[in-house]
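Chemist: Just passing along the structure, written as structure tokens.
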Amino acid sequence: MEVLKRRRLHLDPARSSEQALFLSDALATMAGVKRVFAEGDKLEITYDLLQVTAEQIEDKIAEICLCLGDGWLERIHYAFVHYQEECEVGNLEVQEPHVYGGAGEGV
């Protein structure tokens, strides 16, 4: 089972062609990452949410000394993306079925 996500991130400041290639190569090595496109100040990444999250991807970017845009709107957006992914993964967990009524009664 896969849960594919595609995210577009804004990098601040813009990356040179060499930096964009380095970023693409580094992210492509992560488990679950299906496709990476980086150019200038834009990054588009397709990944399997069951293997990697947006937060882990951002951590990887920080590891290689790149910074995501730090404006308040973007901070709120990234926080929402993280929350949304946590909810989606939580919803995929197997849960016990709810039983209404007494034993032997139909639902």
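As shown in the structure tokens, the chain order sets the letters A, B, ...; within each chain, residues go from 1, and ligands are also counted from 1 in the order they appear.
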Could you list, as a list in words, every residue within 7 Å of Leu9 (chain A), counting only C-alpha atoms and ignoring same-chain residues fewer than 6 positions away?
Modeler: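 Counting only the stated atoms, we get Lys42, Leu43 and Glu44 of chain A.
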Chemist: Can you tell me which residues surround Val89 (chain A) at a distance of at most 8 Å, considering only C-alpha atoms, apart from same-chain residues fewer than 4 positions away, and format the answer as a list in words?
Modeler: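 In the requested format, the answer is Leu49, Leu50, Glu85 and Glu93 of chain A.
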Chemist: Restricting the calculation to only C-alpha atoms, which member of A:Lys60, A:Thr46, A:Gly90, A:Ala38 is positioned closest to Leu4 (chain A)?
Modeler: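 Distance minimum relative to Leu4 (chain A) lands on A:Thr46.
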Chemist: Identify, on the basis of only C-alpha atoms, every residue whose closest approach to Ser16 (chain A) does not exceed 9 Å; exclude the query and any residue fewer than 6 positions from it along the same chain; express the result as a PyMOL selection string.
Modeler: chain A and resi 39-41
Chemist: Can you list, as JSON, numbers by chain, all residues belonging to region 17-75 of chain A that DSSP tags as helix (DSSP H, G or I)?
Modeler: {"A": [17, 18, 19, 20, 21, 22, 23, 24, 25, 26, 27, 28, 54, 55, 56, 57, 58, 59, 60, 61, 62, 63, 72, 73, 74, 75]}
Chemist: Kindly give the distance, in Å, that separates CA of Glu74 (chain A) and CA of His10 (chain A), rounded to a single decimal.
Modeler: 8.5 Å
Chemist: Could you work out how far CA of Arg8 (chain A) lies from CA of Ile64 (chain A), giving the answer in Å with one decimal?
Modeler: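 Computing it gives 18.4 Å between the two atoms.
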Chemist: For region 33-36 of chain A, work out the shell of residues within 7 Å, counting only C-alpha atoms and skipping chain neighbours fewer than 3 positions away, then give it as a ChimeraX atom specification.
Modeler: /A:24,28,30,44-48
Chemist: Under the rule that only C-alpha atoms are counted, which of A:Leu21, A:Ala79, A:Cys87, A:Leu11 is the nearest residue to Ile61 (chain A)?
Modeler: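 For Ile61 (chain A), the nearest of the candidates is A:Leu11.
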